[in-house]
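Colleague: Sharing input_32.cif, mmCIF, C-alpha atoms and all ligand atoms:
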data_protein
#
loop_
_atom_site.group_PDB
_atom_site.id
_atom_site.type_symbol
_atom_site.label_atom_id
_atom_site.label_comp_id
_atom_site.auth_asym_id
_atom_site.auth_seq_id
_atom_site.Cartn_x
_atom_site.Cartn_y
_atom_site.Cartn_z
ATOM 1 C CA MET A 1 29.949 -9.415 -5.084
ATOM 2 C CA ARG A 2 26.494 -8.432 -6.142
ATOM 3 C CA LYS A 3 23.516 -9.593 -4.102
ATOM 4 C CA GLU A 4 25.864 -11.329 -1.703
ATOM 5 C CA PHE A 5 23.636 -10.440 1.227
ATOM 6 C CA VAL A 6 20.515 -12.011 -0.207
ATOM 7 C CA LYS A 7 21.965 -15.357 -1.234
ATOM 8 C CA GLN A 8 19.764 -17.295 1.136
ATOM 9 C CA VAL A 9 16.545 -15.721 -0.110
ATOM 10 C CA ASP A 10 14.641 -17.096 -3.049
ATOM 11 C CA GLU A 11 15.522 -14.279 -5.450
ATOM 12 C CA LYS A 12 12.549 -14.845 -7.709
ATOM 13 C CA ARG A 13 10.087 -14.684 -4.840
ATOM 14 C CA LEU A 14 11.840 -11.653 -3.431
ATOM 15 C CA SER A 15 11.693 -9.677 -6.664
ATOM 16 C CA GLN A 16 8.085 -10.734 -7.252
ATOM 17 C CA ALA A 17 7.077 -9.631 -3.751
ATOM 18 C CA LEU A 18 8.884 -6.303 -4.086
ATOM 19 C CA LEU A 19 7.435 -5.624 -7.542
ATOM 20 C CA ALA A 20 3.917 -6.450 -6.337
ATOM 21 C CA ALA A 21 4.384 -4.110 -3.369
ATOM 22 C CA TYR A 22 5.741 -1.390 -5.644
ATOM 23 C CA ALA A 23 2.640 -1.721 -7.832
ATOM 24 C CA ASP A 24 0.345 -1.730 -4.769
ATOM 25 C CA GLU A 25 1.838 1.567 -3.621
ATOM 26 C CA TRP A 26 1.141 3.192 -6.999
ATOM 27 C CA VAL A 27 -2.394 1.791 -7.085
ATOM 28 C CA ALA A 28 -3.121 2.985 -3.529
ATOM 29 C CA GLY A 29 -1.584 6.389 -4.276
ATOM 30 C CA TYR A 30 -3.813 6.721 -7.323
ATOM 31 C CA TYR A 31 -7.034 5.644 -5.603
ATOM 32 C CA TYR A 32 -6.339 7.801 -2.541
ATOM 33 C CA THR A 33 -5.902 10.816 -4.814
ATOM 34 C CA LEU A 34 -9.085 9.899 -6.682
ATOM 35 C CA THR A 35 -10.898 9.544 -3.352
ATOM 36 C CA ALA A 36 -9.669 12.927 -2.112
ATOM 37 C CA TYR A 37 -11.131 14.607 -5.187
ATOM 38 C CA SER A 38 -14.324 12.527 -5.334
ATOM 39 C CA ILE A 39 -15.792 12.409 -1.832
ATOM 40 C CA GLN A 40 -18.493 14.871 -0.990
ATOM 41 C CA GLY A 41 -20.411 16.009 2.048
ATOM 42 C CA PRO A 42 -19.897 18.035 5.241
ATOM 43 C CA VAL A 43 -16.825 16.104 6.453
ATOM 44 C CA ALA A 44 -15.306 15.576 3.000
ATOM 45 C CA GLY A 45 -12.656 18.284 3.494
ATOM 46 C CA GLU A 46 -11.015 16.701 6.515
ATOM 47 C CA ILE A 47 -11.209 13.211 5.023
ATOM 48 C CA ALA A 48 -9.807 14.399 1.693
ATOM 49 C CA GLU A 49 -6.847 15.949 3.479
ATOM 50 C CA ASN A 50 -6.091 12.636 5.167
ATOM 51 C CA PHE A 51 -6.326 10.757 1.857
ATOM 52 C CA LEU A 52 -3.950 13.209 0.182
ATOM 53 C CA LYS A 53 -1.466 12.895 3.040
ATOM 54 C CA GLU A 54 -1.537 9.094 2.759
ATOM 55 C CA ALA A 55 -1.346 9.182 -1.059
ATOM 56 C CA LYS A 56 1.797 11.269 -0.730
ATOM 57 C CA GLU A 57 3.351 8.776 1.655
ATOM 58 C CA GLU A 58 2.523 5.799 -0.614
ATOM 59 C CA LEU A 59 3.988 7.500 -3.691
ATOM 60 C CA THR A 60 6.850 9.625 -2.431
ATOM 61 C CA LYS A 61 8.041 7.439 0.416
ATOM 62 C CA HIS A 62 6.964 3.811 -0.011
ATOM 63 C CA ALA A 63 7.142 3.461 -3.798
ATOM 64 C CA ILE A 64 10.518 5.231 -3.772
ATOM 65 C CA MET A 65 11.974 3.031 -1.016
ATOM 66 C CA ILE A 66 10.888 -0.093 -2.891
ATOM 67 C CA ALA A 67 12.226 1.238 -6.210
ATOM 68 C CA GLU A 68 15.592 1.842 -4.563
ATOM 69 C CA ARG A 69 15.644 -1.674 -3.157
ATOM 70 C CA LEU A 70 14.718 -3.140 -6.546
ATOM 71 C CA GLN A 71 17.491 -1.116 -8.155
ATOM 72 C CA SER A 72 20.018 -2.488 -5.655
ATOM 73 C CA LEU A 73 18.855 -5.988 -6.498
ATOM 74 C CA GLU A 74 19.120 -5.184 -10.224
ATOM 75 C CA VAL A 75 15.456 -5.811 -10.855
ATOM 76 C CA GLU A 76 13.918 -3.657 -13.565
ATOM 77 C CA LEU A 77 10.705 -1.766 -12.960
ATOM 78 C CA PRO A 78 7.761 -2.455 -15.300
ATOM 79 C CA ARG A 79 7.939 -0.145 -18.302
ATOM 80 C CA ASP A 80 4.273 -0.535 -19.110
ATOM 81 C CA PHE A 81 1.741 1.030 -16.745
ATOM 82 C CA LYS A 82 -0.847 -1.657 -17.568
ATOM 83 C CA ALA A 83 1.659 -4.313 -16.522
ATOM 84 C CA LEU A 84 2.192 -2.407 -13.288
ATOM 85 C CA PHE A 85 -1.502 -2.710 -12.455
ATOM 86 C CA GLU A 86 -1.506 -6.388 -13.374
ATOM 87 C CA ILE A 87 1.314 -7.252 -10.968
ATOM 88 C CA SER A 88 -0.402 -5.384 -8.138
ATOM 89 C CA ARG A 89 -1.309 -7.912 -5.469
ATOM 90 C CA CYS A 90 -4.034 -5.882 -3.821
ATOM 91 C CA LYS A 91 -5.511 -4.000 -6.830
ATOM 92 C CA TYR A 92 -8.161 -1.918 -5.078
ATOM 93 C CA PRO A 93 -11.463 -2.767 -3.370
ATOM 94 C CA GLU A 94 -14.735 -1.707 -4.966
ATOM 95 C CA LEU A 95 -15.435 2.014 -4.697
ATOM 96 C CA PRO A 96 -18.805 3.302 -3.482
ATOM 97 C CA GLN A 97 -21.199 4.530 -6.179
ATOM 98 C CA ASP A 98 -22.334 7.454 -4.050
ATOM 99 C CA PRO A 99 -19.709 10.207 -3.565
ATOM 100 C CA PHE A 100 -21.430 11.141 -0.276
ATOM 101 C CA ASP A 101 -20.846 7.630 1.089
ATOM 102 C CA VAL A 102 -17.803 8.699 3.105
ATOM 103 C CA ASP A 103 -17.771 5.446 5.082
ATOM 104 C CA GLY A 104 -17.754 3.519 1.810
ATOM 105 C CA TRP A 105 -14.603 5.345 0.610
ATOM 106 C CA LEU A 106 -12.967 4.763 3.985
ATOM 107 C CA ILE A 107 -13.876 1.058 4.056
ATOM 108 C CA ALA A 108 -12.303 0.538 0.611
ATOM 109 C CA ALA A 109 -9.108 2.222 1.825
ATOM 110 C CA ILE A 110 -9.041 0.248 5.094
ATOM 111 C CA LYS A 111 -9.297 -2.991 3.094
ATOM 112 C CA ALA A 112 -6.485 -1.786 0.823
ATOM 113 C CA GLU A 113 -4.322 -1.090 3.880
ATOM 114 C CA GLU A 114 -5.116 -4.530 5.302
ATOM 115 C CA CYS A 115 -3.977 -6.099 2.049
ATOM 116 C CA ALA A 116 -0.756 -4.049 2.148
ATOM 117 C CA ILE A 117 -0.198 -5.096 5.781
ATOM 118 C CA GLU A 118 -0.489 -8.765 4.778
ATOM 119 C CA GLY A 119 1.967 -8.170 1.924
ATOM 120 C CA TYR A 120 4.594 -6.574 4.155
ATOM 121 C CA LYS A 121 4.182 -9.323 6.750
ATOM 122 C CA GLU A 122 4.871 -11.866 4.016
ATOM 123 C CA LEU A 123 7.862 -9.847 2.809
ATOM 124 C CA TYR A 124 9.149 -9.767 6.379
ATOM 125 C CA GLU A 125 8.752 -13.524 6.740
ATOM 126 C CA LEU A 126 10.487 -14.115 3.412
ATOM 127 C CA THR A 127 13.505 -12.012 4.357
ATOM 128 C CA HIS A 128 13.729 -12.360 8.132
ATOM 129 C CA GLY A 129 17.265 -13.239 9.192
ATOM 130 C CA LYS A 130 18.371 -13.538 5.567
ATOM 131 C CA ASP A 131 18.135 -10.160 3.875
ATOM 132 C CA PRO A 132 18.298 -7.519 6.603
ATOM 133 C CA VAL A 133 17.947 -4.574 4.240
ATOM 134 C CA THR A 134 14.637 -5.749 2.792
ATOM 135 C CA GLU A 135 13.568 -7.004 6.193
ATOM 136 C CA ARG A 136 14.015 -3.505 7.654
ATOM 137 C CA LEU A 137 12.131 -2.010 4.707
ATOM 138 C CA ALA A 138 9.247 -4.410 5.318
ATOM 139 C CA VAL A 139 9.115 -3.450 9.005
ATOM 140 C CA GLU A 140 9.136 0.286 8.310
ATOM 141 C CA LEU A 141 6.442 0.037 5.658
ATOM 142 C CA LEU A 142 4.399 -2.298 7.822
ATOM 143 C CA GLU A 143 4.464 0.281 10.629
ATOM 144 C CA ASP A 144 3.298 3.006 8.236
ATOM 145 C CA GLU A 145 0.451 0.884 6.841
ATOM 146 C CA VAL A 146 -0.728 -0.054 10.323
ATOM 147 C CA ARG A 147 -0.773 3.664 11.178
ATOM 148 C CA HIS A 148 -2.695 4.426 7.946
ATOM 149 C CA ARG A 149 -5.259 1.794 8.812
ATOM 150 C CA THR A 150 -5.669 3.202 12.331
ATOM 151 C CA GLU A 151 -6.080 6.756 11.002
ATOM 152 C CA LEU A 152 -8.680 5.644 8.457
ATOM 153 C CA MET A 153 -10.552 3.630 11.094
ATOM 154 C CA SER A 154 -10.720 6.686 13.360
ATOM 155 C CA LEU A 155 -12.522 8.599 10.606
ATOM 156 C CA LEU A 156 -15.310 6.013 10.252
ATOM 157 C CA SER A 157 -18.746 6.760 11.661
ATOM 158 C CA GLU A 158 -20.280 4.305 14.119
ATOM 159 C CA GLU A 159 -22.392 2.945 11.313
ATOM 160 C CA GLY A 160 -19.313 2.636 9.103
ATOM 161 C CA LEU A 161 -17.553 0.644 11.772
ATOM 162 C CA LYS A 162 -20.481 -1.769 11.863
ATOM 163 C CA ARG A 163 -20.412 -2.046 8.070
ATOM 164 C CA LEU A 164 -16.704 -2.869 8.167
ATOM 165 C CA VAL A 165 -16.941 -5.660 10.720
ATOM 166 C CA GLY A 166 -20.364 -6.906 9.628
HETATM 167 FE FE FE B 1 2.236 2.126 1.411
HETATM 168 FE FE FE B 2 -0.944 2.938 3.321
#
With the file now loaded, output its structure as structure tokens.
Modeller:
Amino acid sequence: MRKEFVKQVDEKRLSQALLAAYADEWVAGYYYTLTAYSIQGPVAGEIAENFLKEAKEELTKHAIMIAERLQSLEVELPRDFKALFEISRCKYPELPQDPFDVDGWLIAAIKAEECAIEGYKELYELTHGKDPVTERLAVELLEDEVRHRTELMSLLSEEGLKRLVG
């Protein structure tokens, strides 16, 4: 009975992908919170608010949805926080040294979102037509991460935009 709907999916790859995504959500949630309380300067307030809103979504929506899926698949969550960081696929891009470098904080987050987007695309490809429950999860999270990336991009200065593409 159990896991009957995911028979066609490589179970090992599926649990690895879900665990890595779970870890990525925690890592992003942590660094977004850190960013919200570290950035400084005249626009820091508005930017911090956006980071806190996204941190909340990573931790209280995404990480929870993935945990529920892992529980359904009878995959245990890492019991050691260090191990959680190690299985993170994206880790986190380098943070700016200068707390006033608002573009630098945003660029790190945009790169983190791009890594998450890649991860959910891969999860979608792995499950497409085989495991509809995880496939739907991947689509929903992919939509959220694309929106996060767009929101972060809109907060970049013109110079920041050049730094990102250059
Ligand atoms: Fe997320
Ligand atoms: Fe995100």
Colleague: Counting all atoms listed in the file, give me one row per residue of chain A with an atom at most 9 Å from an atom of ligand FE 1 (chain B), showing the shortest contact pair and its distance in Å to one decimal, sorted by chain then residue number, as a tab-separated table.
Modeller:
residue	atom	partner	partner_atom	distance
A:Ala21	CA	B:FE1	FE	8.1
A:Tyr22	CA	B:FE1	FE	8.6
A:Asp24	CA	B:FE1	FE	7.5
A:Glu25	CA	B:FE1	FE	5.1
A:Trp26	CA	B:FE1	FE	8.5
A:Ala28	CA	B:FE1	FE	7.3
A:Gly29	CA	B:FE1	FE	8.1
A:Glu54	CA	B:FE1	FE	8.0
A:Ala55	CA	B:FE1	FE	8.3
A:Glu57	CA	B:FE1	FE	6.7
A:Glu58	CA	B:FE1	FE	4.2
A:Leu59	CA	B:FE1	FE	7.6
A:Lys61	CA	B:FE1	FE	7.9
A:His62	CA	B:FE1	FE	5.2
A:Ala63	CA	B:FE1	FE	7.3
A:Glu113	CA	B:FE1	FE	7.7
A:Ala116	CA	B:FE1	FE	6.9
A:Ile117	CA	B:FE1	FE	8.8
A:Leu141	CA	B:FE1	FE	6.3
A:Leu142	CA	B:FE1	FE	8.1
A:Asp144	CA	B:FE1	FE	7.0
A:Glu145	CA	B:FE1	FE	5.8
A:His148	CA	B:FE1	FE	8.5
Colleague: Only C-alpha atoms, please: the residues just picked out, written as a short mmCIF file (atom, residue, chain, number, x, y, z; two decimals), in the frame of the given file.
Modeller:
data_model
loop_
_atom_site.label_atom_id
_atom_site.label_comp_id
_atom_site.auth_asym_id
_atom_site.auth_seq_id
_atom_site.Cartn_x
_atom_site.Cartn_y
_atom_site.Cartn_z
CA ALA A 21 4.38 -4.11 -3.37
CA TYR A 22 5.74 -1.39 -5.64
CA ASP A 24 0.34 -1.73 -4.77
CA GLU A 25 1.84 1.57 -3.62
CA TRP A 26 1.14 3.19 -7.00
CA ALA A 28 -3.12 2.98 -3.53
CA GLY A 29 -1.58 6.39 -4.28
CA GLU A 54 -1.54 9.09 2.76
CA ALA A 55 -1.35 9.18 -1.06
CA GLU A 57 3.35 8.78 1.66
CA GLU A 58 2.52 5.80 -0.61
CA LEU A 59 3.99 7.50 -3.69
CA LYS A 61 8.04 7.44 0.42
CA HIS A 62 6.96 3.81 -0.01
CA ALA A 63 7.14 3.46 -3.80
CA GLU A 113 -4.32 -1.09 3.88
CA ALA A 116 -0.76 -4.05 2.15
CA ILE A 117 -0.20 -5.10 5.78
CA LEU A 141 6.44 0.04 5.66
CA LEU A 142 4.40 -2.30 7.82
CA ASP A 144 3.30 3.01 8.24
CA GLU A 145 0.45 0.88 6.84
CA HIS A 148 -2.70 4.43 7.95
#
Colleague: For a test of reading the model, state the distance in Å between CA of Asp98 in chain A and CA of Ser154 in chain A, rounded to one decimal.
Modeller: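 A separation of 20.9 Å between them.
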Colleague: List as number ranges by chain: which residues have an atom within 10 Å of (-12.6, 10.4, -2.4), counting only C-alpha atoms?
Modeller: A: 31-40, 44-45, 47-49, 51-52, 95-96, 99-102, 104-106, 109
Colleague: Would you save the residues from that selection as a short mmCIF file (atom, residue, chain, number, x, y, z; two decimals), in the frame of the given file, using C-alpha atoms?
Modeller:
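Output file selection-v6.cif follows:
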data_model
loop_
_atom_site.label_atom_id
_atom_site.label_comp_id
_atom_site.auth_asym_id
_atom_site.auth_seq_id
_atom_site.Cartn_x
_atom_site.Cartn_y
_atom_site.Cartn_z
CA TYR A 31 -7.03 5.64 -5.60
CA TYR A 32 -6.34 7.80 -2.54
CA THR A 33 -5.90 10.82 -4.81
CA LEU A 34 -9.09 9.90 -6.68
CA THR A 35 -10.90 9.54 -3.35
CA ALA A 36 -9.67 12.93 -2.11
CA TYR A 37 -11.13 14.61 -5.19
CA SER A 38 -14.32 12.53 -5.33
CA ILE A 39 -15.79 12.41 -1.83
CA GLN A 40 -18.49 14.87 -0.99
CA ALA A 44 -15.31 15.58 3.00
CA GLY A 45 -12.66 18.28 3.49
CA ILE A 47 -11.21 13.21 5.02
CA ALA A 48 -9.81 14.40 1.69
CA GLU A 49 -6.85 15.95 3.48
CA PHE A 51 -6.33 10.76 1.86
CA LEU A 52 -3.95 13.21 0.18
CA LEU A 95 -15.44 2.01 -4.70
CA PRO A 96 -18.80 3.30 -3.48
CA PRO A 99 -19.71 10.21 -3.56
CA PHE A 100 -21.43 11.14 -0.28
CA ASP A 101 -20.85 7.63 1.09
CA VAL A 102 -17.80 8.70 3.10
CA GLY A 104 -17.75 3.52 1.81
CA TRP A 105 -14.60 5.34 0.61
CA LEU A 106 -12.97 4.76 3.98
CA ALA A 109 -9.11 2.22 1.82
#
Colleague: Applied to this file, what does the PyMOL selection byres (((chain A and resi 119-135) around 10) and not hetatm) return in terms of residues, put as a ChimeraX atom specification?
Modeller: /A:3-10,13-14,17-18,20-21,24,65-66,69-70,89-90,113-118,136-143,145
Colleague: Between A:Ile107, A:Ala67, A:Leu164, A:Leu152, which is the closest to ligand FE 2 (chain B) once you count only C-alpha atoms and all ligand atoms?
Modeller: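 So, comparing all the options, the nearest one is A:Leu152.
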Colleague: Could you tell me which of A:Asn50, A:Gln97, A:Arg79, A:Val43 comes closest to ligand FE 2 (chain B) if we count only C-alpha atoms and all ligand atoms?
Modeller: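 The closest residue to ligand FE 2 (chain B) is A:Asn50.
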Colleague: Do you have the CA of Gly166 in chain A-CA of Gly41 in chain A distance handy?
Modeller: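 These two atoms are separated by 24.1 Å.
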Colleague: Fewer than 4 positions away in the same chain doesn't count, so skip those; otherwise give me all residues within 9 Å of Lys91 in chain A, counting only C-alpha atoms, as a count of residues only.
Modeller: 8
Colleague: When distances are computed from only C-alpha atoms, which of A:Ile110, A:Pro42, A:Gln16, A:Tyr92 shows the smallest separation from Glu76 in chain A?
Modeller: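 Ranked by minimum distance to Glu76 in chain A, first place goes to A:Gln16.
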Colleague: CA of Leu156 in chain A and CA of Ala108 in chain A are how many Å apart?
Modeller: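 Computed distance, CA of Leu156 in chain A to CA of Ala108 in chain A, equals 11.5 Å.
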Colleague: Can you sort out range 76-97 of chain A so it carries N, CA and C atoms, written as a tab-separated table (two decimals), in the coordinates of the input?
Modeller:
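Okay, this is what ended up in out-v8.tsv:
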chain	number	residue	atom	x	y	z
A	76	GLU	N	14.48	-4.78	-12.81
A	76	GLU	CA	13.92	-3.66	-13.56
A	76	GLU	C	12.47	-3.40	-13.20
A	77	LEU	N	12.10	-2.13	-13.22
A	77	LEU	CA	10.70	-1.77	-12.96
A	77	LEU	C	9.89	-1.97	-14.24
A	78	PRO	N	8.60	-2.28	-14.10
A	78	PRO	CA	7.76	-2.46	-15.30
A	78	PRO	C	7.76	-1.17	-16.13
A	79	ARG	N	7.91	-1.32	-17.43
A	79	ARG	CA	7.94	-0.14	-18.30
A	79	ARG	C	6.56	0.19	-18.82
A	80	ASP	N	5.62	-0.69	-18.57
A	80	ASP	CA	4.27	-0.54	-19.11
A	80	ASP	C	3.33	-0.36	-17.91
A	81	PHE	N	2.58	0.73	-17.91
A	81	PHE	CA	1.74	1.03	-16.74
A	81	PHE	C	0.66	-0.03	-16.54
A	82	LYS	N	0.16	-0.59	-17.66
A	82	LYS	CA	-0.85	-1.66	-17.57
A	82	LYS	C	-0.27	-2.87	-16.84
A	83	ALA	N	0.99	-3.17	-17.17
A	83	ALA	CA	1.66	-4.31	-16.52
A	83	ALA	C	1.82	-4.04	-15.03
A	84	LEU	N	2.05	-2.78	-14.70
A	84	LEU	CA	2.19	-2.41	-13.29
A	84	LEU	C	0.91	-2.76	-12.53
A	85	PHE	N	-0.23	-2.40	-13.12
A	85	PHE	CA	-1.50	-2.71	-12.46
A	85	PHE	C	-1.69	-4.22	-12.33
A	86	GLU	N	-1.31	-4.93	-13.39
A	86	GLU	CA	-1.51	-6.39	-13.37
A	86	GLU	C	-0.69	-7.08	-12.28
A	87	ILE	N	0.50	-6.58	-12.00
A	87	ILE	CA	1.31	-7.25	-10.97
A	87	ILE	C	0.94	-6.80	-9.56
A	88	SER	N	0.05	-5.82	-9.46
A	88	SER	CA	-0.40	-5.38	-8.14
A	88	SER	C	-1.10	-6.56	-7.46
A	89	ARG	N	-0.75	-6.79	-6.21
A	89	ARG	CA	-1.31	-7.91	-5.47
A	89	ARG	C	-2.69	-7.54	-4.94
A	90	CYS	N	-2.81	-6.32	-4.49
A	90	CYS	CA	-4.03	-5.88	-3.82
A	90	CYS	C	-5.06	-5.29	-4.78
A	91	LYS	N	-4.62	-4.80	-5.96
A	91	LYS	CA	-5.51	-4.00	-6.83
A	91	LYS	C	-6.19	-2.95	-5.94
A	92	TYR	N	-7.51	-2.84	-6.02
A	92	TYR	CA	-8.16	-1.92	-5.08
A	92	TYR	C	-9.59	-2.38	-4.87
A	93	PRO	N	-10.09	-2.33	-3.62
A	93	PRO	CA	-11.46	-2.77	-3.37
A	93	PRO	C	-12.47	-1.91	-4.13
A	94	GLU	N	-13.68	-2.40	-4.23
A	94	GLU	CA	-14.74	-1.71	-4.97
A	94	GLU	C	-15.03	-0.34	-4.34
A	95	LEU	N	-15.16	0.65	-5.19
A	95	LEU	CA	-15.44	2.01	-4.70
A	95	LEU	C	-16.94	2.19	-4.54
A	96	PRO	N	-17.37	3.06	-3.61
A	96	PRO	CA	-18.80	3.30	-3.48
A	96	PRO	C	-19.34	4.07	-4.69
A	97	GLN	N	-20.58	3.81	-5.06
A	97	GLN	CA	-21.20	4.53	-6.18
A	97	GLN	C	-21.48	5.98	-5.79
